[in-house]
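S.K.: Just so it is clear, I am handing over model-v7.cif, which has mmCIF, C-alpha atoms.
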```cif
data_final
loop_
_atom_site.group_PDB
_atom_site.id
_atom_site.type_symbol
_atom_site.label_atom_id
_atom_site.label_comp_id
_atom_site.auth_asym_id
_atom_site.auth_seq_id
_atom_site.Cartn_x
_atom_site.Cartn_y
_atom_site.Cartn_z
ATOM 1 C CA MET A 1 -10.068 -18.582 -12.947
ATOM 2 C CA ASN A 2 -13.303 -17.183 -11.588
ATOM 3 C CA ILE A 3 -12.888 -13.769 -9.959
ATOM 4 C CA LYS A 4 -15.251 -13.179 -7.039
ATOM 5 C CA THR A 5 -13.206 -11.073 -4.616
ATOM 6 C CA ILE A 6 -10.923 -8.182 -5.498
ATOM 7 C CA GLY A 7 -8.312 -6.812 -3.136
ATOM 8 C CA VAL A 8 -7.617 -3.092 -3.353
ATOM 9 C CA LEU A 9 -4.499 -1.810 -1.595
ATOM 10 C CA GLY A 10 -5.054 1.849 -0.894
ATOM 11 C CA ALA A 11 -8.235 3.605 0.265
ATOM 12 C CA GLY A 12 -7.429 7.068 -1.088
ATOM 13 C CA VAL A 13 -9.329 8.733 -3.930
ATOM 14 C CA MET A 14 -8.170 6.296 -6.609
ATOM 15 C CA GLY A 15 -8.371 3.225 -4.360
ATOM 16 C CA ASN A 16 -11.848 3.894 -3.029
ATOM 17 C CA GLY A 17 -13.032 4.705 -6.546
ATOM 18 C CA ILE A 18 -11.736 1.361 -7.813
ATOM 19 C CA ALA A 19 -13.295 -0.424 -4.813
ATOM 20 C CA GLN A 20 -16.639 1.265 -5.495
ATOM 21 C CA VAL A 21 -16.687 0.418 -9.195
ATOM 22 C CA ALA A 22 -15.753 -3.211 -8.472
ATOM 23 C CA ALA A 23 -18.493 -3.523 -5.845
ATOM 24 C CA GLN A 24 -21.024 -1.916 -8.207
ATOM 25 C CA ALA A 25 -20.046 -4.544 -10.781
ATOM 26 C CA GLY A 26 -20.978 -7.240 -8.257
ATOM 27 C CA TYR A 27 -17.557 -8.197 -6.891
ATOM 28 C CA ASN A 28 -16.744 -8.542 -3.227
ATOM 29 C CA VAL A 29 -13.980 -6.095 -2.330
ATOM 30 C CA ILE A 30 -11.434 -6.009 0.443
ATOM 31 C CA MET A 31 -10.030 -2.483 0.608
ATOM 32 C CA ARG A 32 -6.856 -2.284 2.698
ATOM 33 C CA ASP A 33 -4.857 0.690 3.879
ATOM 34 C CA ILE A 34 -2.127 1.161 6.489
ATOM 35 C CA GLU A 35 -4.260 3.054 9.022
ATOM 36 C CA ASP A 36 -7.892 2.648 10.007
ATOM 37 C CA ARG A 37 -8.536 6.375 9.538
ATOM 38 C CA PHE A 38 -7.638 5.977 5.844
ATOM 39 C CA VAL A 39 -9.871 2.916 5.516
ATOM 40 C CA GLN A 40 -12.782 4.700 7.214
ATOM 41 C CA GLY A 41 -12.225 7.786 5.054
ATOM 42 C CA GLY A 42 -12.377 5.652 1.907
ATOM 43 C CA LEU A 43 -15.577 3.920 3.044
ATOM 44 C CA LYS A 44 -17.099 7.293 3.938
ATOM 45 C CA ASN A 45 -16.288 8.701 0.480
ATOM 46 C CA ILE A 46 -17.892 5.713 -1.227
ATOM 47 C CA ASP A 47 -20.988 5.986 0.979
ATOM 48 C CA LYS A 48 -21.230 9.732 0.293
ATOM 49 C CA PHE A 49 -20.962 9.260 -3.476
ATOM 50 C CA LEU A 50 -23.550 6.471 -3.512
ATOM 51 C CA SER A 51 -25.907 8.506 -1.277
ATOM 52 C CA LYS A 52 -25.816 11.336 -3.821
ATOM 53 C CA THR A 53 -26.562 8.819 -6.570
ATOM 54 C CA VAL A 54 -29.623 7.638 -4.599
ATOM 55 C CA GLU A 55 -30.729 11.244 -4.032
ATOM 56 C CA LYS A 56 -30.577 11.862 -7.783
ATOM 57 C CA GLY A 57 -32.805 8.822 -8.358
ATOM 58 C CA LYS A 58 -30.130 6.937 -10.293
ATOM 59 C CA MET A 59 -29.905 4.109 -7.745
ATOM 60 C CA THR A 60 -32.151 2.686 -5.049
ATOM 61 C CA ALA A 61 -31.213 2.744 -1.371
ATOM 62 C CA ASP A 62 -31.303 -1.074 -1.445
ATOM 63 C CA ASP A 63 -28.775 -1.101 -4.309
ATOM 64 C CA LYS A 64 -26.544 1.302 -2.378
ATOM 65 C CA ASN A 65 -26.726 -0.871 0.724
ATOM 66 C CA ALA A 66 -25.914 -3.989 -1.301
ATOM 67 C CA ILE A 67 -22.863 -2.273 -2.841
ATOM 68 C CA MET A 68 -21.626 -1.076 0.560
ATOM 69 C CA GLY A 69 -22.195 -4.585 1.906
ATOM 70 C CA ARG A 70 -19.772 -5.985 -0.676
ATOM 71 C CA ILE A 71 -16.899 -3.754 0.533
ATOM 72 C CA LYS A 72 -14.875 -4.727 3.582
ATOM 73 C CA GLY A 73 -12.307 -2.282 4.914
ATOM 74 C CA THR A 74 -9.208 -3.498 6.733
ATOM 75 C CA THR A 75 -5.701 -2.617 7.832
ATOM 76 C CA LYS A 76 -4.546 -6.255 7.804
ATOM 77 C CA MET A 77 -2.620 -7.597 4.809
ATOM 78 C CA GLU A 78 -3.593 -11.146 5.780
ATOM 79 C CA ASP A 79 -7.243 -10.299 5.007
ATOM 80 C CA LEU A 80 -6.203 -10.371 1.339
ATOM 81 C CA LYS A 81 -5.026 -13.997 1.399
ATOM 82 C CA ASP A 82 -8.113 -15.366 -0.379
ATOM 83 C CA VAL A 83 -8.678 -12.635 -2.987
ATOM 84 C CA ASP A 84 -8.841 -13.587 -6.666
ATOM 85 C CA PHE A 85 -7.343 -10.381 -8.108
ATOM 86 C CA VAL A 86 -5.399 -7.463 -6.621
ATOM 87 C CA VAL A 87 -5.201 -3.791 -7.547
ATOM 88 C CA GLU A 88 -2.339 -1.901 -5.876
ATOM 89 C CA VAL A 89 -2.933 1.828 -5.443
ATOM 90 C CA VAL A 90 -0.372 2.782 -2.792
ATOM 91 C CA VAL A 91 1.952 5.782 -2.680
ATOM 92 C CA GLU A 92 4.112 6.306 -5.799
ATOM 93 C CA VAL A 93 7.367 5.194 -4.166
ATOM 94 C CA MET A 94 9.082 2.214 -5.786
ATOM 95 C CA ASP A 95 10.459 0.726 -2.560
ATOM 96 C CA VAL A 96 6.975 0.795 -1.000
ATOM 97 C CA LYS A 97 5.397 -0.771 -4.064
ATOM 98 C CA LYS A 98 8.024 -3.518 -4.224
ATOM 99 C CA LYS A 99 7.522 -4.289 -0.526
ATOM 100 C CA VAL A 100 3.758 -4.541 -1.093
ATOM 101 C CA PHE A 101 4.216 -6.818 -4.119
ATOM 102 C CA ALA A 102 6.623 -9.066 -2.203
ATOM 103 C CA GLU A 103 4.062 -9.381 0.629
ATOM 104 C CA LEU A 104 1.234 -10.078 -1.807
ATOM 105 C CA ASP A 105 3.362 -12.677 -3.581
ATOM 106 C CA GLU A 106 3.802 -14.604 -0.327
ATOM 107 C CA LEU A 107 0.247 -14.081 0.883
ATOM 108 C CA THR A 108 -2.050 -14.657 -2.096
ATOM 109 C CA LYS A 109 -2.773 -17.772 -4.135
ATOM 110 C CA LYS A 110 -0.160 -18.362 -6.840
ATOM 111 C CA ASP A 111 -2.591 -17.850 -9.744
ATOM 112 C CA VAL A 112 -3.737 -14.427 -8.534
ATOM 113 C CA ILE A 113 -2.921 -11.536 -10.845
ATOM 114 C CA LEU A 114 -1.248 -8.652 -9.053
ATOM 115 C CA SER A 115 -1.973 -5.353 -10.781
ATOM 116 C CA THR A 116 -0.767 -1.826 -10.201
ATOM 117 C CA ASN A 117 -2.552 1.388 -11.050
ATOM 118 C CA THR A 118 0.649 3.360 -11.538
ATOM 119 C CA SER A 119 1.108 5.285 -14.742
ATOM 120 C CA SER A 120 4.612 6.512 -14.072
ATOM 121 C CA MET A 121 6.658 3.679 -12.575
ATOM 122 C CA SER A 122 8.230 0.522 -13.981
ATOM 123 C CA ILE A 123 5.871 -2.440 -13.691
ATOM 124 C CA THR A 124 8.759 -4.711 -14.662
ATOM 125 C CA GLU A 125 10.729 -3.473 -11.659
ATOM 126 C CA MET A 126 7.753 -4.075 -9.345
ATOM 127 C CA ALA A 127 7.389 -7.576 -10.746
ATOM 128 C CA THR A 128 10.970 -8.402 -9.737
ATOM 129 C CA ALA A 129 9.797 -8.359 -6.107
ATOM 130 C CA THR A 130 7.673 -11.448 -6.818
ATOM 131 C CA LYS A 131 8.134 -15.065 -7.856
ATOM 132 C CA ARG A 132 5.417 -14.533 -10.487
ATOM 133 C CA PRO A 133 6.518 -11.659 -12.698
ATOM 134 C CA ASP A 134 4.285 -13.056 -15.461
ATOM 135 C CA LYS A 135 1.252 -12.316 -13.266
ATOM 136 C CA VAL A 136 2.117 -8.672 -12.495
ATOM 137 C CA ILE A 137 0.320 -6.196 -14.735
ATOM 138 C CA GLY A 138 -0.378 -2.506 -15.053
ATOM 139 C CA MET A 139 -3.913 -1.157 -15.325
ATOM 140 C CA HIS A 140 -4.514 2.530 -15.437
#
```
Could you show the structure in this file as structure tokens?

M.R.:
Amino acid sequence: MNIKTIGVLGAGVMGNGIAQVAAQAGYNVIMRDIEDRFVQGGLKNIDKFLSKTVEKGKMTADDKNAIMGRIKGTTKMEDLKDVDFVVEVVVEVMDVKKKVFAELDELTKKDVILSTNTSSMSITEMATATKRPDKVIGMH
């Protein structure tokens, strides 16, 4: 499978950092959060970090603009339907994570790997919310 677009669920510090790194690596990113103010805050943090990198001479303004152009912010789960890989970075509450994984399972293509960034919760339990437990992984 060829990964071109990565879905990131969560625009907080960890989520926007993952979105930024993925976009810097050349991937298209769809960063989703539950409220637009969170999405906009995540995009603003990425822009701020990249602007500082440009100011330090470690990146050109064109590179920064290209990276920002690869990140789309949204509040709609359905915008993730065509992603090739997912990173879940939502609140550390099992019921919320399982709900998110169940939605992703229904929404995304069946060969898409659904990953979680948790370091403290059972990935096996999250996987039970899907019909593809063999495609649910942890990455921290």

S.K.: Any chance you could resolve the PyMOL selection byres ((chain A and resi 87) around 12) against this file and give the residues as a ChimeraX atom specification?

M.R.: /A:5-11,14-19,22,29-32,80,83-86,88-90,97,100-101,104,112-118,136-140

S.K.: Measuring atom to atom with all atoms listed in the file, identify which of A:Asp33, A:Lys109, A:Asn45, A:Asp62 is nearest to A:Lys76.

M.R.: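 Looking only at the distances to A:Lys76, the closest residue turns out to be A:Asp33.
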
S.K.: Could you check how far atom CA of A:Ala66 sits from atom CA of A:Lys81, in Å to one decimal?

M.R.: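 Between atom CA of A:Ala66 and atom CA of A:Lys81 the gap works out to 23.3 Å.
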
S.K.: Could you tell me how far atom CA of A:Lys48 lies from atom CA of A:Lys4, in Å and to one decimal?

M.R.: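 Those two atoms sit 24.8 Å apart.
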
S.K.: Report the distance between atom CA of A:Gly69 and atom CA of A:Lys135 in Å, rounded to one decimal place.

M.R.: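 Between atom CA of A:Gly69 and atom CA of A:Lys135 the gap is 29.0 Å.
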
S.K.: Between A:Arg132, A:Lys110, A:Lys64, A:Arg37, which residue has the minimum interatomic distance to A:Gln24, considering only C-alpha atoms?

M.R.: A:Lys64

S.K.: Running the PyMOL selection byres ((chain A and resi 129) around 12) on this model by hand, what would come out? Give it as a JSON list (two decimals) with C-alpha atoms, keeping the file's coordinate frame.

M.R.:
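After the write, out_21.json holds the following:
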```json
[["chain", "number", "residue", "atom", "x", "y", "z"],
["A", 94, "MET", "CA", 9.08, 2.21, -5.79],
["A", 95, "ASP", "CA", 10.46, 0.73, -2.56],
["A", 96, "VAL", "CA", 6.98, 0.80, -1.00],
["A", 97, "LYS", "CA", 5.40, -0.77, -4.06],
["A", 98, "LYS", "CA", 8.02, -3.52, -4.22],
["A", 99, "LYS", "CA", 7.52, -4.29, -0.53],
["A", 100, "VAL", "CA", 3.76, -4.54, -1.09],
["A", 101, "PHE", "CA", 4.22, -6.82, -4.12],
["A", 102, "ALA", "CA", 6.62, -9.07, -2.20],
["A", 103, "GLU", "CA", 4.06, -9.38, 0.63],
["A", 104, "LEU", "CA", 1.23, -10.08, -1.81],
["A", 105, "ASP", "CA", 3.36, -12.68, -3.58],
["A", 106, "GLU", "CA", 3.80, -14.60, -0.33],
["A", 114, "LEU", "CA", -1.25, -8.65, -9.05],
["A", 122, "SER", "CA", 8.23, 0.52, -13.98],
["A", 123, "ILE", "CA", 5.87, -2.44, -13.69],
["A", 124, "THR", "CA", 8.76, -4.71, -14.66],
["A", 125, "GLU", "CA", 10.73, -3.47, -11.66],
["A", 126, "MET", "CA", 7.75, -4.08, -9.35],
["A", 127, "ALA", "CA", 7.39, -7.58, -10.75],
["A", 128, "THR", "CA", 10.97, -8.40, -9.74],
["A", 130, "THR", "CA", 7.67, -11.45, -6.82],
["A", 131, "LYS", "CA", 8.13, -15.06, -7.86],
["A", 132, "ARG", "CA", 5.42, -14.53, -10.49],
["A", 133, "PRO", "CA", 6.52, -11.66, -12.70],
["A", 134, "ASP", "CA", 4.28, -13.06, -15.46],
["A", 135, "LYS", "CA", 1.25, -12.32, -13.27],
["A", 136, "VAL", "CA", 2.12, -8.67, -12.50]]
```

S.K.: Could you check the closest approach to A:Asp36 for each of A:Ala61, A:Ile67, A:Gly12, A:Glu78 and tell me which residue wins, using only C-alpha atoms?

M.R.: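 Of A:Ala61, A:Ile67, A:Gly12, A:Glu78, the one nearest A:Asp36, counting only C-alpha atoms, is A:Gly12.
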
S.K.: May I ask which of the residues A:Val21, A:Val93, A:Gly73, A:Asp82 is the closest one to A:Ile34, counting only C-alpha atoms?

M.R.: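 Of all the options, A:Gly73 lies closest to A:Ile34.
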
S.K.: Using all atoms listed in the file, find the one residue out of A:Asn65, A:Thr75, A:Ser120, A:Thr108 that sits nearest to A:Val91.

M.R.: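 Looking at the shortest contact to A:Val91, the residue is A:Ser120.
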
S.K.: Edge lengths and centre in Å to one decimal, as JSON, of the axis-aligned box that encloses all listed atoms of stretch 124-135 of chain A with 8 Å added on every side?

M.R.:
```
{"center_x": 6.1, "center_y": -9.3, "center_z": -10.8, "size_x": 25.7, "size_y": 27.6, "size_z": 25.4}
```

S.K.: Tell me which of A:Ile3, A:Ile71, A:Met77, A:Leu50 sits closest to A:Ala23, counting only C-alpha atoms.

M.R.: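 The shortest atom-to-atom distance to A:Ala23 comes from A:Ile71.
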
S.K.: Please supply stretch 117-140 of chain A, rebuilt with N, CA, C and O atoms, as a PDB file, keeping the file's coordinate frame.

M.R.:
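Result went into selection28.pdb, see below:
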```pdb
ATOM      1  N   ASN A 117      -1.876   0.295 -10.372  1.00  0.00           N
ATOM      2  CA  ASN A 117      -2.552   1.388 -11.050  1.00  0.00           C
ATOM      3  C   ASN A 117      -1.583   2.504 -11.447  1.00  0.00           C
ATOM      4  O   ASN A 117      -1.988   3.512 -11.979  1.00  0.00           O
ATOM      5  N   THR A 118      -0.307   2.306 -11.228  1.00  0.00           N
ATOM      6  CA  THR A 118       0.649   3.360 -11.538  1.00  0.00           C
ATOM      7  C   THR A 118       0.658   3.671 -13.035  1.00  0.00           C
ATOM      8  O   THR A 118       0.406   2.800 -13.867  1.00  0.00           O
ATOM      9  N   SER A 119       0.946   4.913 -13.336  1.00  0.00           N
ATOM     10  CA  SER A 119       1.108   5.285 -14.742  1.00  0.00           C
ATOM     11  C   SER A 119       2.515   5.827 -14.990  1.00  0.00           C
ATOM     12  O   SER A 119       2.851   6.192 -16.104  1.00  0.00           O
ATOM     13  N   SER A 120       3.316   5.855 -13.926  1.00  0.00           N
ATOM     14  CA  SER A 120       4.612   6.512 -14.072  1.00  0.00           C
ATOM     15  C   SER A 120       5.806   5.685 -13.599  1.00  0.00           C
ATOM     16  O   SER A 120       6.930   6.151 -13.681  1.00  0.00           O
ATOM     17  N   MET A 121       5.557   4.480 -13.116  1.00  0.00           N
ATOM     18  CA  MET A 121       6.658   3.679 -12.575  1.00  0.00           C
ATOM     19  C   MET A 121       6.785   2.360 -13.327  1.00  0.00           C
ATOM     20  O   MET A 121       5.818   1.885 -13.928  1.00  0.00           O
ATOM     21  N   SER A 122       7.953   1.747 -13.252  1.00  0.00           N
ATOM     22  CA  SER A 122       8.230   0.522 -13.981  1.00  0.00           C
ATOM     23  C   SER A 122       7.511  -0.686 -13.371  1.00  0.00           C
ATOM     24  O   SER A 122       7.808  -1.097 -12.247  1.00  0.00           O
ATOM     25  N   ILE A 123       6.588  -1.244 -14.127  1.00  0.00           N
ATOM     26  CA  ILE A 123       5.871  -2.440 -13.691  1.00  0.00           C
ATOM     27  C   ILE A 123       6.828  -3.623 -13.677  1.00  0.00           C
ATOM     28  O   ILE A 123       6.770  -4.480 -12.792  1.00  0.00           O
ATOM     29  N   THR A 124       7.747  -3.647 -14.619  1.00  0.00           N
ATOM     30  CA  THR A 124       8.759  -4.711 -14.662  1.00  0.00           C
ATOM     31  C   THR A 124       9.582  -4.720 -13.384  1.00  0.00           C
ATOM     32  O   THR A 124       9.846  -5.783 -12.811  1.00  0.00           O
ATOM     33  N   GLU A 125       9.958  -3.539 -12.897  1.00  0.00           N
ATOM     34  CA  GLU A 125      10.729  -3.473 -11.659  1.00  0.00           C
ATOM     35  C   GLU A 125       9.898  -3.965 -10.468  1.00  0.00           C
ATOM     36  O   GLU A 125      10.397  -4.683  -9.611  1.00  0.00           O
ATOM     37  N   MET A 126       8.621  -3.591 -10.425  1.00  0.00           N
ATOM     38  CA  MET A 126       7.753  -4.075  -9.345  1.00  0.00           C
ATOM     39  C   MET A 126       7.658  -5.590  -9.381  1.00  0.00           C
ATOM     40  O   MET A 126       7.684  -6.256  -8.350  1.00  0.00           O
ATOM     41  N   ALA A 127       7.547  -6.128 -10.575  1.00  0.00           N
ATOM     42  CA  ALA A 127       7.389  -7.576 -10.746  1.00  0.00           C
ATOM     43  C   ALA A 127       8.599  -8.346 -10.231  1.00  0.00           C
ATOM     44  O   ALA A 127       8.473  -9.502  -9.821  1.00  0.00           O
ATOM     45  N   THR A 128       9.773  -7.707 -10.214  1.00  0.00           N
ATOM     46  CA  THR A 128      10.970  -8.402  -9.737  1.00  0.00           C
ATOM     47  C   THR A 128      10.890  -8.719  -8.245  1.00  0.00           C
ATOM     48  O   THR A 128      11.651  -9.556  -7.754  1.00  0.00           O
ATOM     49  N   ALA A 129       9.972  -8.095  -7.538  1.00  0.00           N
ATOM     50  CA  ALA A 129       9.797  -8.359  -6.107  1.00  0.00           C
ATOM     51  C   ALA A 129       8.976  -9.624  -5.859  1.00  0.00           C
ATOM     52  O   ALA A 129       8.773 -10.013  -4.721  1.00  0.00           O
ATOM     53  N   THR A 130       8.522 -10.260  -6.947  1.00  0.00           N
ATOM     54  CA  THR A 130       7.673 -11.448  -6.818  1.00  0.00           C
ATOM     55  C   THR A 130       8.324 -12.667  -7.462  1.00  0.00           C
ATOM     56  O   THR A 130       9.289 -12.545  -8.214  1.00  0.00           O
ATOM     57  N   LYS A 131       7.725 -13.828  -7.187  1.00  0.00           N
ATOM     58  CA  LYS A 131       8.134 -15.065  -7.856  1.00  0.00           C
ATOM     59  C   LYS A 131       7.211 -15.350  -9.043  1.00  0.00           C
ATOM     60  O   LYS A 131       7.266 -16.417  -9.617  1.00  0.00           O
ATOM     61  N   ARG A 132       6.366 -14.395  -9.381  1.00  0.00           N
ATOM     62  CA  ARG A 132       5.417 -14.533 -10.487  1.00  0.00           C
ATOM     63  C   ARG A 132       5.364 -13.284 -11.359  1.00  0.00           C
ATOM     64  O   ARG A 132       4.305 -12.674 -11.533  1.00  0.00           O
ATOM     65  N   PRO A 133       6.511 -12.886 -11.906  1.00  0.00           N
ATOM     66  CA  PRO A 133       6.518 -11.659 -12.698  1.00  0.00           C
ATOM     67  C   PRO A 133       5.547 -11.707 -13.895  1.00  0.00           C
ATOM     68  O   PRO A 133       5.086 -10.663 -14.359  1.00  0.00           O
ATOM     69  N   ASP A 134       5.226 -12.902 -14.348  1.00  0.00           N
ATOM     70  CA  ASP A 134       4.285 -13.056 -15.461  1.00  0.00           C
ATOM     71  C   ASP A 134       2.841 -12.764 -15.052  1.00  0.00           C
ATOM     72  O   ASP A 134       1.959 -12.653 -15.892  1.00  0.00           O
ATOM     73  N   LYS A 135       2.602 -12.599 -13.761  1.00  0.00           N
ATOM     74  CA  LYS A 135       1.252 -12.316 -13.266  1.00  0.00           C
ATOM     75  C   LYS A 135       1.166 -10.911 -12.669  1.00  0.00           C
ATOM     76  O   LYS A 135       0.221 -10.601 -11.936  1.00  0.00           O
ATOM     77  N   VAL A 136       2.136 -10.060 -12.958  1.00  0.00           N
ATOM     78  CA  VAL A 136       2.117  -8.672 -12.495  1.00  0.00           C
ATOM     79  C   VAL A 136       1.814  -7.790 -13.705  1.00  0.00           C
ATOM     80  O   VAL A 136       2.515  -7.856 -14.710  1.00  0.00           O
ATOM     81  N   ILE A 137       0.756  -7.014 -13.595  1.00  0.00           N
ATOM     82  CA  ILE A 137       0.320  -6.196 -14.735  1.00  0.00           C
ATOM     83  C   ILE A 137       0.061  -4.758 -14.305  1.00  0.00           C
ATOM     84  O   ILE A 137      -0.105  -4.470 -13.123  1.00  0.00           O
ATOM     85  N   GLY A 138       0.007  -3.881 -15.287  1.00  0.00           N
ATOM     86  CA  GLY A 138      -0.378  -2.506 -15.053  1.00  0.00           C
ATOM     87  C   GLY A 138      -1.777  -2.285 -15.582  1.00  0.00           C
ATOM     88  O   GLY A 138      -2.153  -2.826 -16.611  1.00  0.00           O
ATOM     89  N   MET A 139      -2.574  -1.541 -14.845  1.00  0.00           N
ATOM     90  CA  MET A 139      -3.913  -1.157 -15.325  1.00  0.00           C
ATOM     91  C   MET A 139      -4.187   0.246 -14.853  1.00  0.00           C
ATOM     92  O   MET A 139      -4.211   0.526 -13.668  1.00  0.00           O
ATOM     93  N   HIS A 140      -4.297   1.136 -15.806  1.00  0.00           N
ATOM     94  CA  HIS A 140      -4.514   2.530 -15.437  1.00  0.00           C
ATOM     95  C   HIS A 140      -5.634   3.091 -16.290  1.00  0.00           C
ATOM     96  O   HIS A 140      -5.718   2.835 -17.446  1.00  0.00           O
TER      97      HIS A 140
END
```
